[in-house]
$ cat work.txt   # compact mmCIF, C-alpha atoms and all ligand atoms
# COMPACT_ATOMS: atom_id res chain seq x y z
CA MET K 1 0.00 0.00 0.00
CA GLN K 2 1.28 3.43 -0.95
CA CYS K 3 1.75 5.95 1.88
CA ALA K 4 -0.32 9.11 1.63
CA MET K 5 1.78 12.18 0.81
CA GLU K 6 1.40 15.63 2.30
CA ASN K 7 0.16 17.84 -0.51
CA LEU K 8 2.42 20.81 -0.03
CA PHE K 9 3.64 21.66 -3.55
CA ALA K 10 7.24 21.81 -2.28
CA HIS K 11 8.75 21.70 -5.79
CA THR K 12 5.88 22.92 -7.94
CA ALA K 13 4.30 25.91 -6.13
CA ASP K 14 5.76 28.31 -8.70
CA TYR K 15 3.69 26.61 -11.42
CA TYR K 16 0.37 26.29 -9.57
CA ASP K 17 -1.07 29.53 -10.96
CA LEU K 18 -0.42 28.29 -14.49
CA ASP K 19 -2.65 25.30 -13.79
CA THR K 20 -5.54 27.43 -12.66
CA ARG K 21 -5.20 30.21 -15.25
CA PHE K 22 -7.95 28.79 -17.45
CA MET K 23 -10.35 28.17 -14.59
CA PRO K 24 -13.55 30.06 -15.19
CA GLY K 25 -14.12 32.72 -12.55
CA THR K 26 -17.29 31.06 -11.38
CA ASP K 27 -15.98 29.74 -8.07
CA LEU K 28 -14.84 33.24 -7.23
CA ASP K 29 -18.30 34.53 -8.18
CA LEU K 30 -19.91 32.14 -5.72
CA TYR K 31 -17.57 33.22 -2.89
CA ARG K 32 -18.23 36.88 -3.73
CA GLU K 33 -21.96 36.25 -3.60
CA LEU K 34 -21.70 34.57 -0.19
CA LEU K 35 -19.41 37.32 1.06
CA GLU K 36 -22.04 39.86 0.07
CA ILE K 37 -24.59 38.00 2.21
CA GLN K 38 -22.35 37.12 5.14
CA GLY K 39 -19.96 40.05 5.33
CA ASP K 40 -16.29 39.78 6.23
CA PRO K 41 -13.82 38.77 7.58
CA VAL K 42 -13.39 35.62 5.53
CA LEU K 43 -11.17 32.70 6.47
CA GLU K 44 -9.82 30.72 3.54
CA LEU K 45 -8.29 27.39 4.56
CA ALA K 46 -5.70 25.80 2.25
CA SER K 47 -5.52 29.14 0.49
CA GLY K 48 -2.51 28.35 -1.69
CA THR K 49 -1.20 31.20 -3.81
CA GLY K 50 -4.17 33.46 -3.11
CA ARG K 51 -6.18 32.69 -6.24
CA ILE K 52 -9.35 33.39 -4.24
CA SER K 53 -8.03 35.38 -1.26
CA ILE K 54 -6.44 38.14 -3.34
CA PRO K 55 -9.53 39.05 -5.40
CA LEU K 56 -11.71 38.90 -2.27
CA ALA K 57 -9.33 41.32 -0.53
CA GLU K 58 -9.29 43.48 -3.69
CA SER K 59 -13.06 43.70 -3.54
CA GLY K 60 -12.83 45.19 -0.05
CA ALA K 61 -12.99 42.19 2.32
CA SER K 62 -10.63 41.36 5.15
CA VAL K 63 -9.29 37.91 4.41
CA TRP K 64 -7.25 35.47 6.49
CA ALA K 65 -5.47 33.02 4.19
CA LEU K 66 -4.20 29.92 5.99
CA ASP K 67 -1.93 27.38 4.31
CA LYS K 68 0.51 24.76 5.54
CA SER K 69 2.89 24.89 2.60
CA PRO K 70 5.88 27.25 2.92
CA ALA K 71 6.31 27.14 -0.88
CA MET K 72 2.69 28.13 -1.58
CA ARG K 73 2.78 30.84 1.09
CA ALA K 74 5.97 32.20 -0.46
CA VAL K 75 4.15 32.65 -3.78
CA LEU K 76 1.24 34.35 -2.01
CA LYS K 77 3.59 36.68 -0.14
CA ARG K 78 5.34 37.60 -3.37
CA LYS K 79 2.03 38.43 -5.02
CA ARG K 80 0.81 40.29 -1.94
CA ALA K 81 3.93 42.47 -1.94
CA GLY K 82 2.89 43.80 -5.38
CA LEU K 83 -0.63 44.78 -4.27
CA PRO K 84 -1.68 48.31 -3.34
CA TRP K 85 -1.27 49.01 0.37
CA ARG K 86 -5.04 49.24 1.01
CA VAL K 87 -5.44 45.66 -0.32
CA ARG K 88 -2.31 44.34 1.37
CA ARG K 89 -3.43 45.42 4.80
CA ARG K 90 -6.68 43.46 4.39
CA LEU K 91 -4.97 40.23 3.35
CA HIS K 92 -3.42 38.21 6.16
CA PRO K 93 -1.35 35.16 5.17
CA VAL K 94 -1.20 32.64 8.01
CA ALA K 95 1.03 29.58 8.36
CA GLY K 96 -1.10 26.77 9.71
CA ASP K 97 -2.70 23.37 9.37
CA MET K 98 -6.39 23.25 8.46
CA ALA K 99 -6.71 20.16 10.65
CA ARG K 100 -5.72 22.11 13.76
CA PHE K 101 -5.88 25.89 13.92
CA SER K 102 -7.12 28.56 16.26
CA PHE K 103 -8.07 32.21 15.92
CA LEU K 104 -9.17 34.64 18.58
CA ARG K 105 -11.81 36.01 16.22
CA ARG K 106 -14.79 34.21 14.71
CA PHE K 107 -15.61 34.33 10.97
CA PRO K 108 -19.02 34.70 9.30
CA LEU K 109 -17.61 32.89 6.25
CA ILE K 110 -15.06 30.07 6.11
CA ILE K 111 -14.19 28.52 2.76
CA ILE K 112 -12.07 25.65 1.49
CA PRO K 113 -12.07 26.18 -2.28
CA PHE K 114 -10.91 23.96 -5.07
CA ARG K 115 -10.55 20.60 -3.37
CA GLY K 116 -8.14 21.72 -0.67
CA PHE K 117 -9.99 19.64 1.93
CA GLN K 118 -9.19 16.49 -0.04
CA ALA K 119 -5.52 16.92 0.88
CA LEU K 120 -6.50 15.55 4.29
CA THR K 121 -6.38 11.78 3.96
CA ASP K 122 -6.44 10.63 7.56
CA ARG K 123 -9.81 10.26 9.25
CA ARG K 124 -8.73 12.01 12.45
CA GLN K 125 -7.42 15.00 10.49
CA ILE K 126 -10.60 15.16 8.43
CA GLU K 127 -12.87 15.20 11.48
CA SER K 128 -10.55 17.52 13.37
CA CYS K 129 -10.65 20.03 10.51
CA LEU K 130 -14.45 20.09 10.53
CA HIS K 131 -14.56 20.52 14.33
CA HIS K 132 -12.08 23.39 14.13
CA VAL K 133 -14.13 25.04 11.39
CA LYS K 134 -17.27 24.67 13.48
CA ARG K 135 -15.76 26.32 16.52
CA THR K 136 -14.25 29.14 14.43
CA LEU K 137 -17.52 30.11 12.71
CA ALA K 138 -19.36 33.15 14.03
CA PRO K 139 -23.01 32.58 14.99
CA GLY K 140 -24.94 32.24 11.74
CA GLY K 141 -21.67 31.72 9.87
CA LEU K 142 -21.43 29.70 6.68
CA PHE K 143 -18.81 27.15 5.67
CA VAL K 144 -18.25 26.26 2.02
CA LEU K 145 -16.55 23.04 1.04
CA ASP K 146 -15.66 22.25 -2.57
CA LEU K 147 -14.72 18.69 -3.56
CA PHE K 148 -14.43 16.67 -6.72
CA ALA K 149 -15.97 13.27 -7.16
CA PRO K 150 -13.99 10.94 -9.37
CA ARG K 151 -15.65 9.80 -12.55
CA VAL K 152 -16.66 6.19 -12.27
CA GLY K 153 -14.20 5.07 -14.94
CA ALA K 154 -11.33 6.86 -13.22
CA ALA K 155 -12.21 5.50 -9.80
CA VAL K 156 -12.22 1.90 -10.81
CA SER K 157 -9.14 1.93 -13.02
CA GLU K 158 -7.01 1.44 -9.95
CA SER K 159 -3.50 0.92 -11.21
CA ALA K 160 -0.73 3.30 -12.23
CA THR K 161 -1.00 5.03 -15.60
CA ASP K 162 1.64 6.35 -17.96
CA GLU K 163 2.61 9.97 -17.81
CA ARG K 164 0.37 12.10 -20.02
CA ILE K 165 0.87 15.67 -21.14
CA ASP K 166 -1.78 18.04 -19.79
CA TRP K 167 -0.67 21.29 -21.43
CA VAL K 168 2.27 23.19 -22.86
CA TYR K 169 2.67 26.91 -22.20
CA GLU K 170 5.20 29.60 -22.93
CA ARG K 171 5.49 31.91 -19.95
CA PRO K 172 5.50 35.46 -21.39
CA GLU K 173 7.46 37.00 -18.49
CA THR K 174 10.40 34.61 -18.81
CA GLY K 175 10.05 32.95 -22.21
CA GLU K 176 10.23 29.55 -20.46
CA LEU K 177 8.50 26.69 -22.22
CA ILE K 178 6.63 24.69 -19.60
CA THR K 179 5.13 21.28 -20.21
CA ARG K 180 2.85 19.93 -17.53
CA ALA K 181 2.39 16.19 -17.28
CA SER K 182 0.74 13.92 -14.76
CA ARG K 183 0.30 10.27 -14.01
CA ARG K 184 -1.76 8.24 -11.64
CA ARG K 185 0.46 6.31 -9.24
CA GLY K 186 -2.33 4.21 -7.85
CA ILE K 187 -5.60 4.21 -5.99
CA ASP K 188 -6.17 2.98 -2.47
CA THR K 189 -9.79 1.97 -2.89
CA GLU K 190 -10.10 0.93 0.76
CA ARG K 191 -9.16 4.38 2.07
CA ARG K 192 -10.37 6.14 -1.09
CA ILE K 193 -7.11 7.88 -1.84
CA LEU K 194 -5.85 8.79 -5.32
CA HIS K 195 -2.06 9.00 -5.63
CA THR K 196 -0.89 11.22 -8.46
CA GLU K 197 2.39 12.66 -9.65
CA VAL K 198 2.48 16.05 -11.32
CA VAL K 199 5.56 17.05 -13.31
CA TYR K 200 6.54 20.35 -14.92
CA TYR K 201 9.29 20.19 -17.53
CA VAL K 202 10.79 23.63 -17.81
CA GLU K 203 12.98 24.76 -20.69
CA THR K 204 14.55 28.19 -20.40
CA VAL K 205 15.28 30.50 -23.35
CA ASP K 206 18.96 29.54 -23.19
CA GLY K 207 18.06 25.86 -23.53
CA LYS K 208 18.47 24.73 -19.89
CA ARG K 209 16.04 22.03 -18.84
CA ALA K 210 14.65 21.19 -15.42
CA ARG K 211 12.11 18.74 -14.11
CA ARG K 212 9.98 19.78 -11.14
CA ALA K 213 7.69 17.15 -9.62
CA ASP K 214 5.47 16.55 -6.62
CA GLU K 215 3.36 13.63 -5.55
CA PHE K 216 -0.12 14.23 -4.24
CA SER K 217 -2.56 12.07 -2.34
CA LEU K 218 -6.15 13.18 -2.46
CA ARG K 219 -9.05 11.56 -0.69
CA TYR K 220 -12.19 11.20 -2.80
CA TYR K 221 -15.72 11.11 -1.46
CA HIS K 222 -19.14 9.96 -2.35
CA ARG K 223 -21.74 12.65 -1.84
CA TRP K 224 -23.53 10.66 0.88
CA GLU K 225 -20.31 10.23 2.82
CA VAL K 226 -19.78 14.01 2.88
CA GLU K 227 -23.38 14.62 3.91
CA THR K 228 -23.10 12.12 6.76
CA LEU K 229 -19.72 13.47 7.86
CA LEU K 230 -20.93 17.07 7.91
CA CYS K 231 -24.09 16.20 9.82
CA SER K 232 -22.20 14.04 12.35
CA VAL K 233 -20.00 17.02 13.23
CA GLY K 234 -23.04 19.24 13.65
CA PHE K 235 -23.44 21.06 10.37
CA GLU K 236 -26.73 21.66 8.69
CA ILE K 237 -26.56 21.55 4.90
CA ILE K 238 -28.02 24.73 3.43
CA ALA K 239 -27.26 23.96 -0.21
CA GLU K 240 -25.30 21.50 -2.28
CA TYR K 241 -24.34 22.03 -5.89
CA GLY K 242 -22.70 20.08 -8.68
CA GLY K 243 -20.64 23.10 -9.65
CA TYR K 244 -20.03 26.74 -8.85
CA ASP K 245 -22.84 27.69 -11.19
CA LYS K 246 -25.19 25.83 -8.82
CA ARG K 247 -26.05 23.01 -11.19
CA PRO K 248 -27.25 19.79 -9.51
CA ILE K 249 -24.71 17.19 -8.40
CA HIS K 250 -24.27 14.33 -10.84
CA ALA K 251 -21.81 11.44 -11.11
CA GLY K 252 -18.32 12.82 -11.50
CA SER K 253 -19.32 16.46 -10.97
CA ASP K 254 -17.82 18.79 -8.43
CA MET K 255 -19.60 18.91 -5.10
CA VAL K 256 -19.99 22.26 -3.40
CA PHE K 257 -21.54 22.18 0.06
CA VAL K 258 -22.75 25.29 1.86
CA VAL K 259 -23.35 24.50 5.52
CA ARG K 260 -24.09 26.17 8.85
CA ALA K 261 -23.26 24.96 12.34
CA THR K 262 -26.09 23.71 14.51
CA GLN K 263 -26.16 23.36 18.30
CA LYS K 264 -26.36 19.59 18.21
CA PRO K 265 -25.64 16.96 15.55
CA SER K 266 -28.32 17.52 12.94
CA ALA K 267 -30.50 14.90 11.36
CA LEU K 268 -29.34 14.04 7.88
CA ARG K 269 -31.49 15.88 5.39
CA ILE K 270 -31.41 14.38 1.93
CA MET K 271 -31.29 17.15 -0.61
CA ASP K 272 -33.02 16.87 -3.95
CA SER K 273 -30.54 16.74 -6.76
C1 LIG K 301 -5.33 22.79 -4.71
S1 LIG K 301 -4.54 23.97 -3.66
C2 LIG K 301 -5.88 25.12 -3.47
C3 LIG K 301 -5.40 26.52 -3.31
C4 LIG K 301 -6.46 27.59 -3.34
N1 LIG K 301 -7.46 27.40 -2.31
C5 LIG K 301 -7.14 27.70 -4.70
O1 LIG K 301 -8.35 27.61 -4.75
O2 LIG K 301 -6.46 27.92 -5.70
C6 LIG K 301 -4.51 23.12 -2.10
C7 LIG K 301 -3.75 23.82 -1.00
O3 LIG K 301 -3.88 23.07 0.21
C8 LIG K 301 -2.72 23.26 0.99
N2 LIG K 301 -2.70 22.26 2.06
C9 LIG K 301 -2.51 20.93 1.96
N3 LIG K 301 -2.61 20.35 3.17
C10 LIG K 301 -2.88 21.36 4.05
C11 LIG K 301 -3.13 21.39 5.45
N4 LIG K 301 -3.11 20.28 6.18
N5 LIG K 301 -3.40 22.58 6.03
C12 LIG K 301 -3.42 23.73 5.29
N6 LIG K 301 -3.18 23.75 3.97
C13 LIG K 301 -2.93 22.58 3.35
C14 LIG K 301 -1.61 23.16 -0.03
O4 LIG K 301 -0.42 23.73 0.45
C15 LIG K 301 -2.24 23.93 -1.19
O5 LIG K 301 -1.86 25.27 -1.14
$ encode --input "work.txt" --output "structure tokens"
Amino acid sequence: MQCAMENLFAHTADYYDLDTRFMPGTDLDLYRELLEIQGDPVLELASGTGRISIPLAESGASVWALDKSPAMRAVLKRKRAGLPWRVRRRLHPVAGDMARFSFLRRFPLIIIPFRGFQALTDRRQIESCLHHVKRTLAPGGLFVLDLFAPRVGAAVSESATDERIDWVYERPETGELITRASRRRGIDTERRILHTEVVYYVETVDGKRARRADEFSLRYYHRWEVETLLCSVGFEIIAEYGGYDKRPIHAGSDMVFVVRATQKPSALRIMDS
């Protein structure tokens, strides 16, 4: 059995923003909409390079951006340094573990965008994260959790795959030619963990070549498992979507849960899809 890796982008953080550059802005739109309703400050857990935190701070919110990875935080800090002072002072990078964190303040909105929660592969960490979120929410606060569900074909094709090229891109600032490739290293179907390797081949303008790689272990969920988990910790599900545009959940779609803490463990409410 393969050991689960920590998903900290130690060698590939500098390339993360290239991966997400084609992402439609719709997840940001959903967080903006919820921010409008809930007000700030916002806590983003597993905030990475600030893909979401920076625009939220630019739109006027105070944002705490917590991430465990020194490499990802370094990218965020670099980007933050280039922001106008009025935005910078609203954006607070925090070194921390989403499975165990504490703040003196409480937040009306806590978010874990873009599958960050799936980096937790151990059951105790997973439950601990949800308990910490619950105790850090302000009364009436909302928590948004975004996960992917593997497509059936992908989930059952358990063994390692060959490396496949995902995209090739010429970075305009540096002229580097970057080829991103990935391969499945295996699936632990018992613990529901996908093991993947992501590789960036970088060729500089003067012909130097480098290979930057990280291995990732991501836990995948069935919708019912998430619903049961959230309810067992004491969250009430307000809405669940199959995407940021609020489409219904279907096999292989994203799963976006919007939940609120309740006083006691809530009865599981089955949502219509
Ligand atoms: C896929 S990135 C998402 C980044 C960002 N939220 C976004 O939407 O672009 C996942 C992030 O989770 C962070 N991470 C992994 N394990 C973590 C943990 N235990 N606590 C906090 N952050 C963690 C990684 O460092 C990485 O920045």
$ closest_atom_pairs --input "work.txt" --of "region 24-93 of chain K" --to "region 238-262 of chain K" --cutoff "7 Å" --atoms "all atoms listed in the file" --output "Markdown table"
| residue | atom | partner | partner_atom | distance |
| --- | --- | --- | --- | --- |
| K:Thr26 | CA | K:Tyr244 | CA | 5.7 |
| K:Asp27 | CA | K:Tyr244 | CA | 5.1 |
| K:Leu30 | CA | K:Tyr244 | CA | 6.2 |
$ atom_distance --input "work.txt" --atom1 "CA of Phe235 (chain K)" --atom2 "CA of Phe107 (chain K)"
15.4 Å
$ residues_near_ligand --input "work.txt" --ligand "ligand LIG 301 (chain K)" --cutoff "6 Å" --atoms "all atoms listed in the file" --output "PDB file with C-alpha atoms, in the frame of the given file"
ATOM      1  CA  ASN K   7       0.160  17.840  -0.510  1.00  0.00           C
ATOM      2  CA  LEU K   8       2.420  20.810  -0.030  1.00  0.00           C
ATOM      3  CA  ALA K  46      -5.700  25.800   2.250  1.00  0.00           C
ATOM      4  CA  SER K  47      -5.520  29.140   0.490  1.00  0.00           C
ATOM      5  CA  GLY K  48      -2.510  28.350  -1.690  1.00  0.00           C
ATOM      6  CA  ARG K  51      -6.180  32.690  -6.240  1.00  0.00           C
ATOM      7  CA  ILE K  52      -9.350  33.390  -4.240  1.00  0.00           C
ATOM      8  CA  ASP K  67      -1.930  27.380   4.310  1.00  0.00           C
ATOM      9  CA  LYS K  68       0.510  24.760   5.540  1.00  0.00           C
ATOM     10  CA  SER K  69       2.890  24.890   2.600  1.00  0.00           C
ATOM     11  CA  MET K  72       2.690  28.130  -1.580  1.00  0.00           C
ATOM     12  CA  GLY K  96      -1.100  26.770   9.710  1.00  0.00           C
ATOM     13  CA  ASP K  97      -2.700  23.370   9.370  1.00  0.00           C
ATOM     14  CA  MET K  98      -6.390  23.250   8.460  1.00  0.00           C
ATOM     15  CA  ALA K  99      -6.710  20.160  10.650  1.00  0.00           C
ATOM     16  CA  PRO K 113     -12.070  26.180  -2.280  1.00  0.00           C
ATOM     17  CA  PHE K 114     -10.910  23.960  -5.070  1.00  0.00           C
ATOM     18  CA  ARG K 115     -10.550  20.600  -3.370  1.00  0.00           C
ATOM     19  CA  GLY K 116      -8.140  21.720  -0.670  1.00  0.00           C
ATOM     20  CA  ALA K 119      -5.520  16.920   0.880  1.00  0.00           C
TER      21      ALA K 119
END
$ atom_distance --input "work.txt" --atom1 "CA of Leu229 (chain K)" --atom2 "CA of Leu145 (chain K)"
12.2 Å
$ atom_distance --input "work.txt" --atom1 "CA of Val233 (chain K)" --atom2 "CA of Arg191 (chain K)"
20.0 Å
$ closest_residue --input "work.txt" --among "K:Ile165, K:Leu142, K:Ile193, K:Met5" --to "Leu34 (chain K)" --atoms "all atoms listed in the file"
K:Leu142
$ residues_around --input "work.txt" --residues "Leu218 (chain K)" --least-positions-apart "5" --cutoff "12 Å" --atoms "all atoms listed in the file" --output "ChimeraX atom specification"
/K:3-8,115-122,126,147-150,184-189,191-197
$ closest_residue --input "work.txt" --among "K:Val144, K:Ile37, K:Val75, K:Val133" --to "Asp17 (chain K)" --atoms "all atoms listed in the file"
K:Val75
$ residues_around --input "work.txt" --residues "Asp166 (chain K)" --least-positions-apart "2" --cutoff "8 Å" --atoms "all atoms listed in the file" --output "short mmCIF file (atom, residue, chain, number, x, y, z; two decimals) with C-alpha atoms, in the frame of the given file"
data_model
loop_
_atom_site.label_atom_id
_atom_site.label_comp_id
_atom_site.auth_asym_id
_atom_site.auth_seq_id
_atom_site.Cartn_x
_atom_site.Cartn_y
_atom_site.Cartn_z
CA ARG K 164 0.37 12.10 -20.02
CA VAL K 168 2.27 23.19 -22.86
CA THR K 179 5.13 21.28 -20.21
CA ARG K 180 2.85 19.93 -17.53
CA ALA K 181 2.39 16.19 -17.28
CA SER K 182 0.74 13.92 -14.76
#
$ closest_residue --input "work.txt" --among "K:Phe143, K:Cys231, K:Leu28, K:Thr12" --to "Arg211 (chain K)" --atoms "only C-alpha atoms"
K:Thr12
$ closest_residue --input "work.txt" --among "K:Thr136, K:Thr20, K:Ser232, K:Thr174" --to "Phe101 (chain K)" --atoms "only C-alpha atoms"
K:Thr136
$ closest_residue --input "work.txt" --among "K:Asp214, K:Asp146, K:Asp14, K:Asp40" --to "Lys79 (chain K)" --atoms "all atoms listed in the file"
K:Asp14
$ residues_around --input "work.txt" --residues "Glu170 (chain K)" --least-positions-apart "5" --cutoff "10 Å" --atoms "only C-alpha atoms" --output "PDB file with C-alpha atoms, keeping the file's coordinate frame"
ATOM      1  CA  GLY K 175      10.050  32.950 -22.210  1.00  0.00           C
ATOM      2  CA  GLU K 176      10.230  29.550 -20.460  1.00  0.00           C
ATOM      3  CA  LEU K 177       8.500  26.690 -22.220  1.00  0.00           C
ATOM      4  CA  ILE K 178       6.630  24.690 -19.600  1.00  0.00           C
ATOM      5  CA  THR K 179       5.130  21.280 -20.210  1.00  0.00           C
ATOM      6  CA  VAL K 202      10.790  23.630 -17.810  1.00  0.00           C
ATOM      7  CA  GLU K 203      12.980  24.760 -20.690  1.00  0.00           C
ATOM      8  CA  THR K 204      14.550  28.190 -20.400  1.00  0.00           C
TER       9      THR K 204
END
$ closest_residue --input "work.txt" --among "K:Gln125, K:Leu109, K:Arg80, K:Arg88" --to "Arg32 (chain K)" --atoms "all atoms listed in the file"
K:Leu109
$ axis_aligned_box --input "work.txt" --around "region 166-171 of chain K" --padding-each-side "8 Å" --output "JSON"
{"center_x": 1.9, "center_y": 25.0, "center_z": -21.4, "size_x": 23.3, "size_y": 29.9, "size_z": 19.1}
$ decode --input "work.txt" --residues "region 197-209 of chain K" --atoms "N, CA and C atoms" --output "mmCIF file, in the first residue's frame"
data_model
loop_
_atom_site.group_PDB
_atom_site.id
_atom_site.type_symbol
_atom_site.label_atom_id
_atom_site.label_comp_id
_atom_site.auth_asym_id
_atom_site.auth_seq_id
_atom_site.Cartn_x
_atom_site.Cartn_y
_atom_site.Cartn_z
ATOM 1 N N GLU K 197 1.164 11.871 -9.541
ATOM 2 C CA GLU K 197 2.391 12.662 -9.646
ATOM 3 C C GLU K 197 2.175 13.736 -10.707
ATOM 4 N N VAL K 198 2.572 14.941 -10.372
ATOM 5 C CA VAL K 198 2.478 16.046 -11.324
ATOM 6 C C VAL K 198 3.903 16.519 -11.619
ATOM 7 N N VAL K 199 4.197 16.676 -12.900
ATOM 8 C CA VAL K 199 5.556 17.045 -13.315
ATOM 9 C C VAL K 199 5.498 18.268 -14.233
ATOM 10 N N TYR K 200 6.387 19.218 -14.004
ATOM 11 C CA TYR K 200 6.541 20.354 -14.919
ATOM 12 C C TYR K 200 7.938 20.258 -15.516
ATOM 13 N N TYR K 201 8.002 20.148 -16.827
ATOM 14 C CA TYR K 201 9.288 20.188 -17.533
ATOM 15 C C TYR K 201 9.484 21.635 -17.978
ATOM 16 N N VAL K 202 10.583 22.209 -17.551
ATOM 17 C CA VAL K 202 10.792 23.634 -17.813
ATOM 18 C C VAL K 202 12.024 23.798 -18.692
ATOM 19 N N GLU K 203 11.844 24.490 -19.804
ATOM 20 C CA GLU K 203 12.979 24.760 -20.692
ATOM 21 C C GLU K 203 13.151 26.272 -20.788
ATOM 22 N N THR K 204 14.329 26.746 -20.403
ATOM 23 C CA THR K 204 14.552 28.191 -20.405
ATOM 24 C C THR K 204 14.947 28.662 -21.810
ATOM 25 N N VAL K 205 14.956 29.984 -22.010
ATOM 26 C CA VAL K 205 15.284 30.505 -23.347
ATOM 27 C C VAL K 205 16.692 30.123 -23.777
ATOM 28 N N ASP K 206 17.605 29.945 -22.799
ATOM 29 C CA ASP K 206 18.961 29.543 -23.194
ATOM 30 C C ASP K 206 19.132 28.018 -23.216
ATOM 31 N N GLY K 207 18.002 27.305 -23.271
ATOM 32 C CA GLY K 207 18.063 25.862 -23.531
ATOM 33 C C GLY K 207 18.270 24.978 -22.303
ATOM 34 N N LYS K 208 18.314 25.571 -21.095
ATOM 35 C CA LYS K 208 18.473 24.730 -19.889
ATOM 36 C C LYS K 208 17.145 24.043 -19.580
ATOM 37 N N ARG K 209 17.264 22.800 -19.127
ATOM 38 C CA ARG K 209 16.042 22.035 -18.836
ATOM 39 C C ARG K 209 16.004 21.622 -17.387
#
